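**Q** Take a look at model-v3.txt, compact mmCIF, C-alpha atoms:
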# COMPACT_ATOMS: atom_id res chain seq x y z
CA MET A 1177 41.70 14.25 -33.36
CA THR A 1178 38.35 14.88 -35.06
CA SER A 1179 37.40 11.20 -35.01
CA ASN A 1180 38.31 10.95 -31.31
CA LYS A 1181 36.11 13.97 -30.48
CA THR A 1182 33.21 12.47 -32.41
CA GLU A 1183 33.68 9.17 -30.62
CA ASN A 1184 33.74 10.94 -27.25
CA MET A 1185 30.50 12.79 -28.05
CA LEU A 1186 28.78 9.44 -28.57
CA LEU A 1187 29.74 8.13 -25.12
CA CYS A 1188 27.66 8.45 -21.99
CA TYR A 1189 30.73 9.47 -20.00
CA PRO A 1190 33.39 10.69 -22.47
CA LEU A 1191 36.05 11.11 -19.78
CA ARG A 1192 35.49 7.76 -18.11
CA PRO A 1193 37.06 4.49 -19.30
CA ASN A 1194 34.68 1.69 -20.29
CA SER A 1195 31.80 4.13 -20.86
CA CYS A 1196 28.64 2.90 -22.52
CA PRO A 1197 27.99 4.25 -26.03
CA LYS A 1198 25.30 6.90 -26.24
CA LEU A 1199 22.46 6.13 -28.64
CA HIS A 1200 22.75 8.19 -31.80
CA ARG A 1201 19.29 9.47 -32.71
CA LEU A 1202 18.10 12.32 -34.88
CA THR A 1203 16.97 15.34 -32.89
CA VAL A 1204 13.48 15.03 -34.37
CA VAL A 1205 13.25 11.42 -33.19
CA LYS A 1206 14.45 12.36 -29.70
CA VAL A 1207 11.92 15.17 -29.39
CA ALA A 1208 9.12 12.90 -30.63
CA MET A 1209 10.09 10.20 -28.11
CA TYR A 1210 10.25 12.68 -25.23
CA VAL A 1211 6.87 14.20 -26.15
CA LEU A 1212 5.17 10.79 -26.47
CA MET A 1213 6.66 9.46 -23.22
CA MET A 1214 5.86 12.67 -21.34
CA LEU A 1215 2.24 12.41 -22.48
CA MET A 1216 2.16 8.84 -21.16
CA ILE A 1217 3.69 9.90 -17.83
CA LEU A 1218 1.36 12.89 -17.36
CA THR A 1219 -1.71 10.81 -18.29
CA THR A 1220 -0.61 8.06 -15.89
CA VAL A 1221 0.05 10.41 -12.96
CA PHE A 1222 -2.84 12.86 -13.31
CA GLY A 1223 -5.36 10.27 -14.53
CA ASN A 1224 -4.71 8.11 -11.49
CA LEU A 1225 -4.70 11.18 -9.22
CA LEU A 1226 -8.18 11.95 -10.53
CA ILE A 1227 -9.30 8.45 -9.51
CA ILE A 1228 -7.78 8.86 -6.03
CA ILE A 1229 -9.45 12.25 -5.53
CA SER A 1230 -12.79 10.91 -6.81
CA ILE A 1231 -12.80 7.99 -4.37
CA SER A 1232 -11.64 10.20 -1.48
CA HIS A 1233 -14.17 12.95 -2.27
CA PHE A 1234 -17.35 10.95 -2.87
CA LYS A 1235 -18.65 8.62 -0.15
CA GLN A 1236 -20.60 6.64 -2.76
CA LEU A 1237 -17.26 5.45 -4.18
CA GLN A 1238 -15.80 4.37 -0.82
CA SER A 1239 -16.60 0.66 -1.11
CA PRO A 1240 -14.28 -2.37 -0.80
CA THR A 1241 -14.04 -2.57 -4.60
CA HIS A 1242 -13.05 1.06 -4.91
CA LEU A 1243 -10.56 0.67 -2.06
CA ILE A 1244 -8.68 -1.78 -4.31
CA VAL A 1245 -9.01 0.63 -7.23
CA CYS A 1246 -7.70 3.48 -5.06
CA SER A 1247 -4.69 1.41 -3.98
CA LEU A 1248 -4.07 0.45 -7.62
CA ALA A 1249 -4.20 4.09 -8.70
CA ALA A 1250 -2.34 5.61 -5.75
CA THR A 1251 0.43 3.23 -4.84
CA CYS A 1252 0.92 1.34 -8.10
CA ASP A 1253 0.20 3.34 -11.23
CA CYS A 1254 0.69 6.85 -9.83
CA LEU A 1255 4.01 5.97 -8.17
CA LEU A 1256 5.13 4.11 -11.28
CA GLY A 1257 4.41 7.23 -13.34
CA SER A 1258 6.19 9.59 -10.97
CA LEU A 1259 9.13 7.58 -9.57
CA VAL A 1260 10.00 5.11 -12.35
CA MET A 1261 8.83 6.21 -15.78
CA PRO A 1262 10.68 9.59 -15.91
CA TYR A 1263 14.06 7.94 -15.33
CA SER A 1264 13.21 5.13 -17.74
CA MET A 1265 12.35 7.81 -20.31
CA VAL A 1266 15.83 9.36 -20.16
CA ARG A 1267 17.45 5.92 -20.31
CA SER A 1268 15.32 4.89 -23.29
CA VAL A 1269 15.92 8.07 -25.32
CA GLU A 1270 19.57 8.71 -24.48
CA GLY A 1271 20.67 5.12 -23.97
CA CYS A 1272 22.51 6.14 -20.78
CA TRP A 1273 22.00 5.82 -17.04
CA TYR A 1274 23.45 8.79 -15.15
CA LEU A 1275 22.55 7.95 -11.54
CA GLY A 1276 24.97 5.14 -10.62
CA ASP A 1277 24.67 1.43 -9.87
CA VAL A 1278 22.92 1.69 -6.49
CA VAL A 1279 20.15 3.95 -7.82
CA CYS A 1280 19.93 1.66 -10.86
CA LYS A 1281 19.16 -1.29 -8.57
CA ILE A 1282 16.64 0.74 -6.58
CA HIS A 1283 15.00 1.91 -9.82
CA SER A 1284 14.81 -1.66 -11.17
CA SER A 1285 13.40 -2.90 -7.85
CA LEU A 1286 10.75 -0.16 -7.73
CA ASP A 1287 9.91 -0.80 -11.38
CA MET A 1288 9.29 -4.47 -10.61
CA THR A 1289 7.45 -3.69 -7.35
CA PHE A 1290 4.96 -1.25 -8.90
CA SER A 1291 4.42 -3.34 -12.05
CA ILE A 1292 3.88 -6.60 -10.13
CA SER A 1293 1.64 -4.88 -7.59
CA SER A 1294 -0.41 -3.34 -10.42
CA ILE A 1295 -0.97 -6.78 -11.99
CA LEU A 1296 -1.88 -8.34 -8.63
CA HIS A 1297 -4.30 -5.49 -7.89
CA LEU A 1298 -6.05 -6.19 -11.20
CA SER A 1299 -6.32 -9.82 -10.07
CA LEU A 1300 -7.82 -8.72 -6.75
CA ILE A 1301 -10.40 -6.65 -8.61
CA SER A 1302 -11.35 -9.69 -10.71
CA VAL A 1303 -11.82 -11.81 -7.55
CA ASP A 1304 -13.90 -9.03 -5.97
CA ARG A 1305 -16.11 -8.68 -9.07
CA TYR A 1306 -16.53 -12.48 -9.28
CA TRP A 1307 -17.84 -12.69 -5.71
CA ALA A 1308 -20.03 -9.61 -6.17
CA ILE A 1309 -21.72 -10.88 -9.35
CA CYS A 1310 -21.64 -14.66 -8.96
CA ASP A 1311 -22.28 -14.88 -5.21
CA PRO A 1312 -23.96 -11.57 -4.26
CA LEU A 1313 -25.75 -12.91 -1.17
CA ARG A 1314 -22.53 -13.73 0.67
CA TYR A 1315 -20.46 -10.95 -0.91
CA LYS A 1316 -21.15 -8.32 1.79
CA MET A 1317 -20.32 -10.81 4.54
CA ARG A 1318 -17.10 -11.98 2.87
CA VAL A 1319 -15.78 -8.73 1.47
CA THR A 1320 -15.33 -5.85 3.89
CA ASN A 1321 -12.92 -2.91 3.96
CA ASN A 1322 -10.80 -4.73 6.57
CA THR A 1323 -10.62 -7.90 4.46
CA VAL A 1324 -9.64 -5.91 1.39
CA ALA A 1325 -7.02 -3.98 3.38
CA VAL A 1326 -5.41 -7.27 4.45
CA PHE A 1327 -5.20 -8.53 0.85
CA ILE A 1328 -3.85 -5.18 -0.38
CA THR A 1329 -1.16 -5.22 2.33
CA PHE A 1330 -0.17 -8.78 1.39
CA THR A 1331 -0.03 -7.80 -2.28
CA TRP A 1332 2.31 -4.92 -1.52
CA LEU A 1333 4.54 -6.94 0.81
CA PHE A 1334 4.88 -9.75 -1.73
CA SER A 1335 5.67 -7.33 -4.58
CA PHE A 1336 8.22 -5.39 -2.50
CA VAL A 1337 10.01 -8.39 -0.97
CA TYR A 1338 10.07 -10.35 -4.25
CA SER A 1339 11.40 -7.45 -6.32
CA PHE A 1340 14.07 -6.12 -3.95
CA SER A 1341 15.30 -9.59 -2.97
CA VAL A 1342 15.68 -10.68 -6.61
CA VAL A 1343 17.48 -7.51 -7.74
CA PHE A 1344 19.78 -6.99 -4.73
CA SER A 1345 20.64 -10.69 -4.24
CA GLY A 1346 21.56 -11.04 -7.92
CA VAL A 1347 19.94 -14.47 -8.08
CA ASN A 1348 18.58 -13.57 -11.53
CA ASN A 1349 22.16 -13.19 -12.81
CA VAL A 1350 23.46 -16.61 -11.72
CA GLY A 1351 25.06 -18.31 -14.72
CA LEU A 1352 25.21 -15.06 -16.71
CA GLU A 1353 28.38 -13.66 -15.11
CA GLU A 1354 30.51 -13.96 -18.27
CA LEU A 1355 27.86 -12.41 -20.49
CA ILE A 1356 27.31 -9.50 -18.08
CA LEU A 1357 31.08 -8.99 -17.77
CA GLN A 1358 31.43 -8.81 -21.56
CA ILE A 1359 28.66 -6.28 -22.17
CA SER A 1360 28.76 -4.27 -18.93
CA CYS A 1361 29.89 -0.67 -19.21
CA PHE A 1362 29.81 2.54 -17.20
CA GLY A 1363 26.48 4.30 -17.67
CA GLY A 1364 24.33 1.23 -18.28
CA CYS A 1365 21.34 -0.03 -16.28
CA VAL A 1366 20.07 -3.37 -17.59
CA LEU A 1367 18.19 -6.05 -15.67
CA PHE A 1368 18.89 -9.60 -16.85
CA PHE A 1369 17.00 -12.80 -16.05
CA ASN A 1370 18.55 -16.23 -16.40
CA LYS A 1371 16.52 -19.19 -17.69
CA GLU A 1372 15.17 -20.22 -14.30
CA TRP A 1373 14.17 -16.77 -13.11
CA GLY A 1374 12.82 -15.75 -16.50
CA ILE A 1375 10.31 -18.61 -16.26
CA ILE A 1376 9.61 -17.99 -12.56
CA CYS A 1377 8.95 -14.30 -13.21
CA ALA A 1378 6.65 -14.95 -16.17
CA LEU A 1379 4.84 -17.77 -14.34
CA PHE A 1380 4.16 -16.19 -10.94
CA VAL A 1381 3.91 -12.55 -11.96
CA PHE A 1382 1.95 -12.84 -15.21
CA LEU A 1383 0.71 -16.31 -16.19
CA ILE A 1384 -0.93 -17.34 -12.91
CA PRO A 1385 -2.58 -13.94 -12.20
CA GLY A 1386 -3.58 -13.67 -15.87
CA THR A 1387 -5.13 -17.15 -15.83
CA ILE A 1388 -7.04 -16.35 -12.64
CA MET A 1389 -8.32 -13.11 -14.15
CA SER A 1390 -9.34 -14.80 -17.42
CA SER A 1391 -11.18 -17.68 -15.75
CA LEU A 1392 -13.00 -15.40 -13.30
CA TYR A 1393 -14.00 -12.91 -15.99
CA MET A 1394 -15.23 -15.74 -18.22
CA SER A 1395 -17.40 -16.95 -15.33
CA ILE A 1396 -18.67 -13.40 -14.82
CA PHE A 1397 -19.36 -13.09 -18.54
CA ASN A 1398 -21.42 -16.30 -18.52
CA VAL A 1399 -23.44 -15.11 -15.50
CA VAL A 1400 -24.02 -11.75 -17.21
CA LYS A 1401 -25.28 -13.55 -20.34
CA LYS A 1402 -27.70 -15.62 -18.24
CA HIS A 1403 -28.94 -12.49 -16.47
CA ALA A 1404 -29.44 -10.71 -19.78
CA LYS A 1405 -31.38 -13.70 -21.14
CA VAL A 1406 -33.65 -13.81 -18.07
CA LEU A 1407 -34.26 -10.07 -18.27
CA SER A 1408 -35.10 -10.22 -21.97
CA GLU A 1409 -37.60 -13.01 -21.23
CA LYS A 1410 -39.19 -10.84 -18.54
CA VAL A 1411 -39.57 -8.05 -21.08
CA SER A 1412 -41.43 -10.32 -23.49
CA VAL A 1413 -43.67 -11.79 -20.76
CA ALA A 1414 -44.42 -8.57 -18.86
CA PRO A 1415 -44.10 -5.51 -21.10
CA THR A 1416 -45.13 -3.21 -18.23
CA VAL A 1417 -41.81 -3.79 -16.48
CA GLY A 1418 -39.91 -3.81 -19.74
CA GLY A 1419 -38.28 -0.43 -19.22
CA ASN A 1420 -36.48 -1.42 -16.01
CA CYS A 1421 -35.50 -4.82 -17.41
CA GLN A 1422 -34.09 -3.29 -20.58
CA THR A 1423 -32.05 -0.83 -18.52
CA SER A 1424 -30.67 -3.66 -16.38
CA SER A 1425 -29.94 -5.72 -19.48
CA GLN A 1426 -28.03 -2.83 -21.00
CA ARG A 1427 -26.01 -2.45 -17.81
CA GLU A 1428 -25.16 -6.16 -17.83
CA ARG A 1429 -24.00 -6.01 -21.45
CA LYS A 1430 -21.95 -2.87 -20.79
CA ALA A 1431 -20.33 -4.53 -17.77
CA ALA A 1432 -19.39 -7.56 -19.89
CA LYS A 1433 -17.97 -5.26 -22.57
CA THR A 1434 -15.91 -3.39 -19.99
CA LEU A 1435 -14.51 -6.65 -18.59
CA ALA A 1436 -13.47 -7.68 -22.11
CA ILE A 1437 -11.69 -4.34 -22.58
CA VAL A 1438 -9.88 -4.66 -19.22
CA MET A 1439 -8.61 -8.14 -20.13
CA GLY A 1440 -7.75 -7.16 -23.71
CA VAL A 1441 -5.66 -4.17 -22.60
CA PHE A 1442 -3.98 -6.25 -19.88
CA TYR A 1443 -2.84 -8.96 -22.31
CA LEU A 1444 -1.94 -6.47 -25.04
CA CYS A 1445 0.36 -4.59 -22.68
CA TRP A 1446 2.01 -7.38 -20.69
CA LEU A 1447 2.00 -10.53 -22.85
CA PRO A 1448 4.84 -9.40 -25.21
CA PHE A 1449 7.13 -8.40 -22.32
CA PHE A 1450 6.73 -11.57 -20.27
CA THR A 1451 6.96 -13.76 -23.37
CA ALA A 1452 10.31 -12.15 -24.22
CA THR A 1453 11.46 -12.40 -20.58
CA ALA A 1454 10.77 -16.15 -20.51
CA ILE A 1455 12.05 -17.04 -24.00
CA ASP A 1456 15.02 -14.68 -24.50
CA PRO A 1457 17.44 -16.49 -22.08
CA PHE A 1458 16.94 -19.73 -24.07
CA LEU A 1459 17.78 -17.88 -27.32
CA ASN A 1460 21.02 -16.46 -25.90
CA PHE A 1461 19.49 -12.98 -25.49
CA VAL A 1462 18.96 -12.24 -29.17
CA THR A 1463 16.24 -9.63 -28.55
CA PRO A 1464 17.69 -6.17 -29.39
CA GLY A 1465 17.86 -3.70 -26.52
CA ASN A 1466 15.56 -1.22 -28.27
CA VAL A 1467 12.91 -3.89 -28.79
CA PHE A 1468 13.04 -5.00 -25.16
CA ASP A 1469 12.86 -1.37 -24.06
CA ALA A 1470 9.74 -0.89 -26.19
CA LEU A 1471 8.16 -3.95 -24.54
CA VAL A 1472 8.81 -2.40 -21.12
CA TRP A 1473 6.95 0.73 -22.21
CA PHE A 1474 4.08 -1.43 -23.48
CA GLY A 1475 3.84 -2.75 -19.91
CA TYR A 1476 3.88 0.80 -18.54
CA PHE A 1477 1.06 1.62 -20.95
CA ASN A 1478 -1.25 -0.63 -18.91
CA SER A 1479 -0.92 1.82 -16.00
CA THR A 1480 -1.73 4.66 -18.41
CA CYS A 1481 -4.83 2.88 -19.69
CA ASN A 1482 -6.31 2.00 -16.27
CA PRO A 1483 -7.67 5.50 -15.47
CA LEU A 1484 -8.86 5.89 -19.08
CA ILE A 1485 -10.83 2.64 -18.83
CA TYR A 1486 -12.48 3.76 -15.60
CA GLY A 1487 -13.15 7.24 -16.98
CA PHE A 1488 -14.70 6.11 -20.26
CA PHE A 1489 -16.49 2.89 -19.29
CA TYR A 1490 -17.57 3.22 -15.64
CA PRO A 1491 -20.58 5.58 -15.25
CA ARG A 1492 -19.80 6.32 -11.59
CA PHE A 1493 -16.31 7.54 -12.39
CA GLN A 1494 -17.59 9.41 -15.45
CA LYS A 1495 -19.94 11.43 -13.24
CA ALA A 1496 -17.30 11.92 -10.54
CA PHE A 1497 -14.72 13.13 -13.08
CA LYS A 1498 -17.26 15.49 -14.63
CA ILE A 1499 -18.16 17.05 -11.26
CA LEU A 1500 -14.53 17.45 -10.15
CA ILE A 1501 -13.31 18.90 -13.46
CA SER A 1502 -16.26 21.28 -13.89
CA THR A 1503 -16.13 22.45 -10.26
CA TYR A 1504 -12.42 22.76 -9.49
CA ILE A 1505 -10.89 23.30 -12.94
CA CYS A 1506 -13.56 25.04 -15.01
CA GLY A 1507 -15.08 26.88 -12.03
CA VAL A 1508 -18.62 25.82 -12.90
CA SER A 1509 -20.86 25.20 -9.89
CA GLU A 1510 -21.92 21.55 -9.78
CA THR A 1511 -23.61 19.38 -7.21
CA HIS A 1512 -21.10 17.56 -5.00
CA THR A 1513 -23.33 14.51 -4.63
CA LEU A 1514 -23.19 11.52 -6.95
CA THR A 1515 -26.58 10.14 -7.95
CA PHE A 1516 -26.95 6.81 -9.78
CA GLU A 1517 -29.83 5.32 -11.62
Just give me the structure as structure tokens.
**A**
Amino acid sequence: MTSNKTENMLLCYPLRPNSCPKLHRLTVVKVAMYVLMMLMILTTVFGNLLIIISISHFKQLQSPTHLIVCSLAATCDCLLGSLVMPYSMVRSVEGCWYLGDVVCKIHSSLDMTFSISSILHLSLISVDRYWAICDPLRYKMRVTNNTVAVFITFTWLFSFVYSFSVVFSGVNNVGLEELILQISCFGGCVLFFNKEWGIICALFVFLIPGTIMSSLYMSIFNVVKKHAKVLSEKVSVAPTVGGNCQTSSQRERKAAKTLAIVMGVFYLCWLPFFTATAIDPFLNFVTPGNVFDALVWFGYFNSTCNPLIYGFFYPRFQKAFKILISTYICGVSETHTLTFE
């Protein structure tokens, strides 16, 4: 009797047959996981809300570039933090899914939609920055708010249609029916990818956008280096204009540093997950569930880092954040106009 009670306590649904086992964790570990994940969720939601409010509040930030950033913050990272991550948190800590199969599919579809859209938005930003820095004369003619809105809409439609069609059609499970039947249980919510769709997902969702971002940012970095070299030569030839040239040179170097940080965080967060997604089906799914779950949260961490990168490394957002926080949170009177050097 005692052993049966203990066994029931470790099940997600003790009174249901074929229930998934509940993860047995120490209370201290559970609390630590909940605290850490809640901090991630709150930072993701409120950090991206701060970006949305900044762009909406200050006209100086309402440019085509910042329209992409606003879409990234509002409809990708913020929605991911509010609609997906809380439920993933409970599933990760408890090891159980309490909302049924239909909601599980919707959750998995939304997870894919927001994550893919976030990655594609980062790619759009890299294309925008490439045109702005490498071809500035034609940038204003090519890139308008209407043009950006079209690309953002396409990005969202692709992410939504791709994610929901894959999950609800079950095409990612073809050939895995026996494996899923063996390990399926009541209270589980796991998304599998077969060999074909594991490669397709990694290729079209991560590798191609990541390659585009890397190549464009390398081109930008080379242009920035050339600009910095020209500016430093101007300083040595004409010391009277040295102050302005040095300031511009510092901006160029800081921009290059920020681009390196954006790419570094992107690859750090997403490379492990998509590598496992592509390779694991060929290794007969040997990756432990806890490890794969941790890789998912590494991917989520990219959405947490995005507002931090803008807040710490972009002077315009630094000033906007400072004005908003000091005025509306601390109650200190500040000017509502952004001024840039």
**Q** Please check which residues have atoms at most 12 Å from (9.5, -6.3, -19.8) in the file's coordinates, counting all atoms listed in the file, and write them as an MDAnalysis selection string.
**A** chainID A and resid 1284 1287:1288 1291:1292 1366:1369 1374 1377:1378 1381:1382 1445:1456 1463 1465:1477
**Q** Choose the residue, out of A:Val1438, A:Leu1459, A:Ile1309, A:Ile1376, that has the smallest atom-to-atom separation from Val1399 in chain A; count all atoms listed in the file.
**A**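 Looking at the shortest contact to Val1399 in chain A, the residue is A:Ile1309.
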**Q** Restricting the calculation to only C-alpha atoms: of A:Gly1363, A:Pro1464, A:Gly1346, A:Gly1223, which residue gets closest to Leu1191 in chain A?
**A**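 Residue with the minimum atom-to-atom distance to Leu1191 in chain A: A:Gly1363.
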**Q** Can you work out the spacing between CA of Ile1501 in chain A and CA of Thr1434 in chain A in Å, to one decimal?
**A** 23.4 Å
**Q** Could you check the closest approach to Cys1196 in chain A for each of A:Ser1360, A:Gln1236, A:Ser1391, A:Thr1320 and tell me which residue wins, using all atoms listed in the file?
**A**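 Of the candidates, the smallest distance to Cys1196 in chain A is held by A:Ser1360.
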**Q** From the set A:Pro1483, A:Gly1276, A:Pro1197, A:Gly1351, which residue has the shortest atom-to-atom contact distance to Cys1246 in chain A, counting only C-alpha atoms?
**A**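 For Cys1246 in chain A, the nearest of the candidates is A:Pro1483.
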**Q** From the list A:Leu1357, A:Leu1255, A:Ile1295, A:Val1350, which residue is nearest Tyr1443 in chain A when using all atoms listed in the file?
**A**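 Closest to Tyr1443 in chain A of all the choices is A:Ile1295.
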**Q** Rank A:Ser1294, A:Ser1230, A:Ser1285, A:Ser1264 by their smallest atom-to-atom distance to Asn1482 in chain A, using all atoms listed in the file, and report the top residue only.
**A**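 With all atoms listed in the file as the atom set, the closest residue is A:Ser1294.
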**Q** For Thr1480 in chain A, list every protein, DNA or RNA residue within 12 Å, evaluated using all atoms listed in the file, and leave out those in the same chain fewer than 5 positions away; present the list as an mmCIF file with C-alpha atoms, in the coordinates of the input.
**A**
data_model
loop_
_atom_site.group_PDB
_atom_site.id
_atom_site.type_symbol
_atom_site.label_atom_id
_atom_site.label_comp_id
_atom_site.auth_asym_id
_atom_site.auth_seq_id
_atom_site.Cartn_x
_atom_site.Cartn_y
_atom_site.Cartn_z
ATOM 1 C CA MET A 1213 6.660 9.460 -23.220
ATOM 2 C CA MET A 1214 5.860 12.670 -21.340
ATOM 3 C CA LEU A 1215 2.240 12.410 -22.480
ATOM 4 C CA MET A 1216 2.160 8.840 -21.160
ATOM 5 C CA ILE A 1217 3.690 9.900 -17.830
ATOM 6 C CA LEU A 1218 1.360 12.890 -17.360
ATOM 7 C CA THR A 1219 -1.710 10.810 -18.290
ATOM 8 C CA THR A 1220 -0.610 8.060 -15.890
ATOM 9 C CA VAL A 1221 0.050 10.410 -12.960
ATOM 10 C CA PHE A 1222 -2.840 12.860 -13.310
ATOM 11 C CA GLY A 1223 -5.360 10.270 -14.530
ATOM 12 C CA ASN A 1224 -4.710 8.110 -11.490
ATOM 13 C CA LEU A 1225 -4.700 11.180 -9.220
ATOM 14 C CA LEU A 1248 -4.070 0.450 -7.620
ATOM 15 C CA ALA A 1249 -4.200 4.090 -8.700
ATOM 16 C CA CYS A 1252 0.920 1.340 -8.100
ATOM 17 C CA ASP A 1253 0.200 3.340 -11.230
ATOM 18 C CA CYS A 1254 0.690 6.850 -9.830
ATOM 19 C CA LEU A 1255 4.010 5.970 -8.170
ATOM 20 C CA LEU A 1256 5.130 4.110 -11.280
ATOM 21 C CA GLY A 1257 4.410 7.230 -13.340
ATOM 22 C CA SER A 1258 6.190 9.590 -10.970
ATOM 23 C CA MET A 1261 8.830 6.210 -15.780
ATOM 24 C CA SER A 1291 4.420 -3.340 -12.050
ATOM 25 C CA SER A 1294 -0.410 -3.340 -10.420
ATOM 26 C CA VAL A 1441 -5.660 -4.170 -22.600
ATOM 27 C CA PHE A 1442 -3.980 -6.250 -19.880
ATOM 28 C CA CYS A 1445 0.360 -4.590 -22.680
ATOM 29 C CA TRP A 1473 6.950 0.730 -22.210
ATOM 30 C CA PHE A 1474 4.080 -1.430 -23.480
ATOM 31 C CA GLY A 1475 3.840 -2.750 -19.910
ATOM 32 C CA ILE A 1485 -10.830 2.640 -18.830
ATOM 33 C CA TYR A 1486 -12.480 3.760 -15.600
ATOM 34 C CA GLY A 1487 -13.150 7.240 -16.980
#
**Q** Can you report as JSON the centre and edge lengths in Å, to one decimal, of an axis-aligned box around the listed atoms of range 1190-1197 of chain A padded with 3 Å on each side?
**A**
{"center_x": 32.5, "center_y": 6.4, "center_z": -22.1, "size_x": 15.1, "size_y": 15.4, "size_z": 13.9}
**Q** Please provide the set of residues having any atom within 8 Å of Phe1336 in chain A, restricted to only C-alpha atoms, with same-chain residues fewer than 3 positions apart removed, written as a VMD selection string.
**A** chain A and resid 1285 to 1286 1289 1332 to 1333 1339 to 1340
**Q** Please produce a file of the residues just selected, as an mmCIF file, in the frame of the given file, where the atoms kept are C-alpha atoms.
**A**
data_model
loop_
_atom_site.group_PDB
_atom_site.id
_atom_site.type_symbol
_atom_site.label_atom_id
_atom_site.label_comp_id
_atom_site.auth_asym_id
_atom_site.auth_seq_id
_atom_site.Cartn_x
_atom_site.Cartn_y
_atom_site.Cartn_z
ATOM 1 C CA SER A 1285 13.400 -2.900 -7.850
ATOM 2 C CA LEU A 1286 10.750 -0.160 -7.730
ATOM 3 C CA THR A 1289 7.450 -3.690 -7.350
ATOM 4 C CA TRP A 1332 2.310 -4.920 -1.520
ATOM 5 C CA LEU A 1333 4.540 -6.940 0.810
ATOM 6 C CA SER A 1339 11.400 -7.450 -6.320
ATOM 7 C CA PHE A 1340 14.070 -6.120 -3.950
#
**Q** Name all residues at most 10 Å from Ile1229 in chain A (count all atoms listed in the file; drop same-chain ones fewer than 6 positions away) and give them as a PDB file with C-alpha atoms, in the frame of the given file.
**A**
ATOM      1  CA  CYS A1246      -7.700   3.480  -5.060  1.00  0.00           C
ATOM      2  CA  ALA A1250      -2.340   5.610  -5.750  1.00  0.00           C
ATOM      3  CA  ALA A1496     -17.300  11.920 -10.540  1.00  0.00           C
ATOM      4  CA  PHE A1497     -14.720  13.130 -13.080  1.00  0.00           C
ATOM      5  CA  LEU A1500     -14.530  17.450 -10.150  1.00  0.00           C
TER       6      LEU A1500
END
**Q** Suppose you want the space between CA of Asp1304 in chain A and CA of Gly1386 in chain A; what is it in Å?
**A**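 Taking CA of Asp1304 in chain A and CA of Gly1386 in chain A, their separation equals 15.0 Å.
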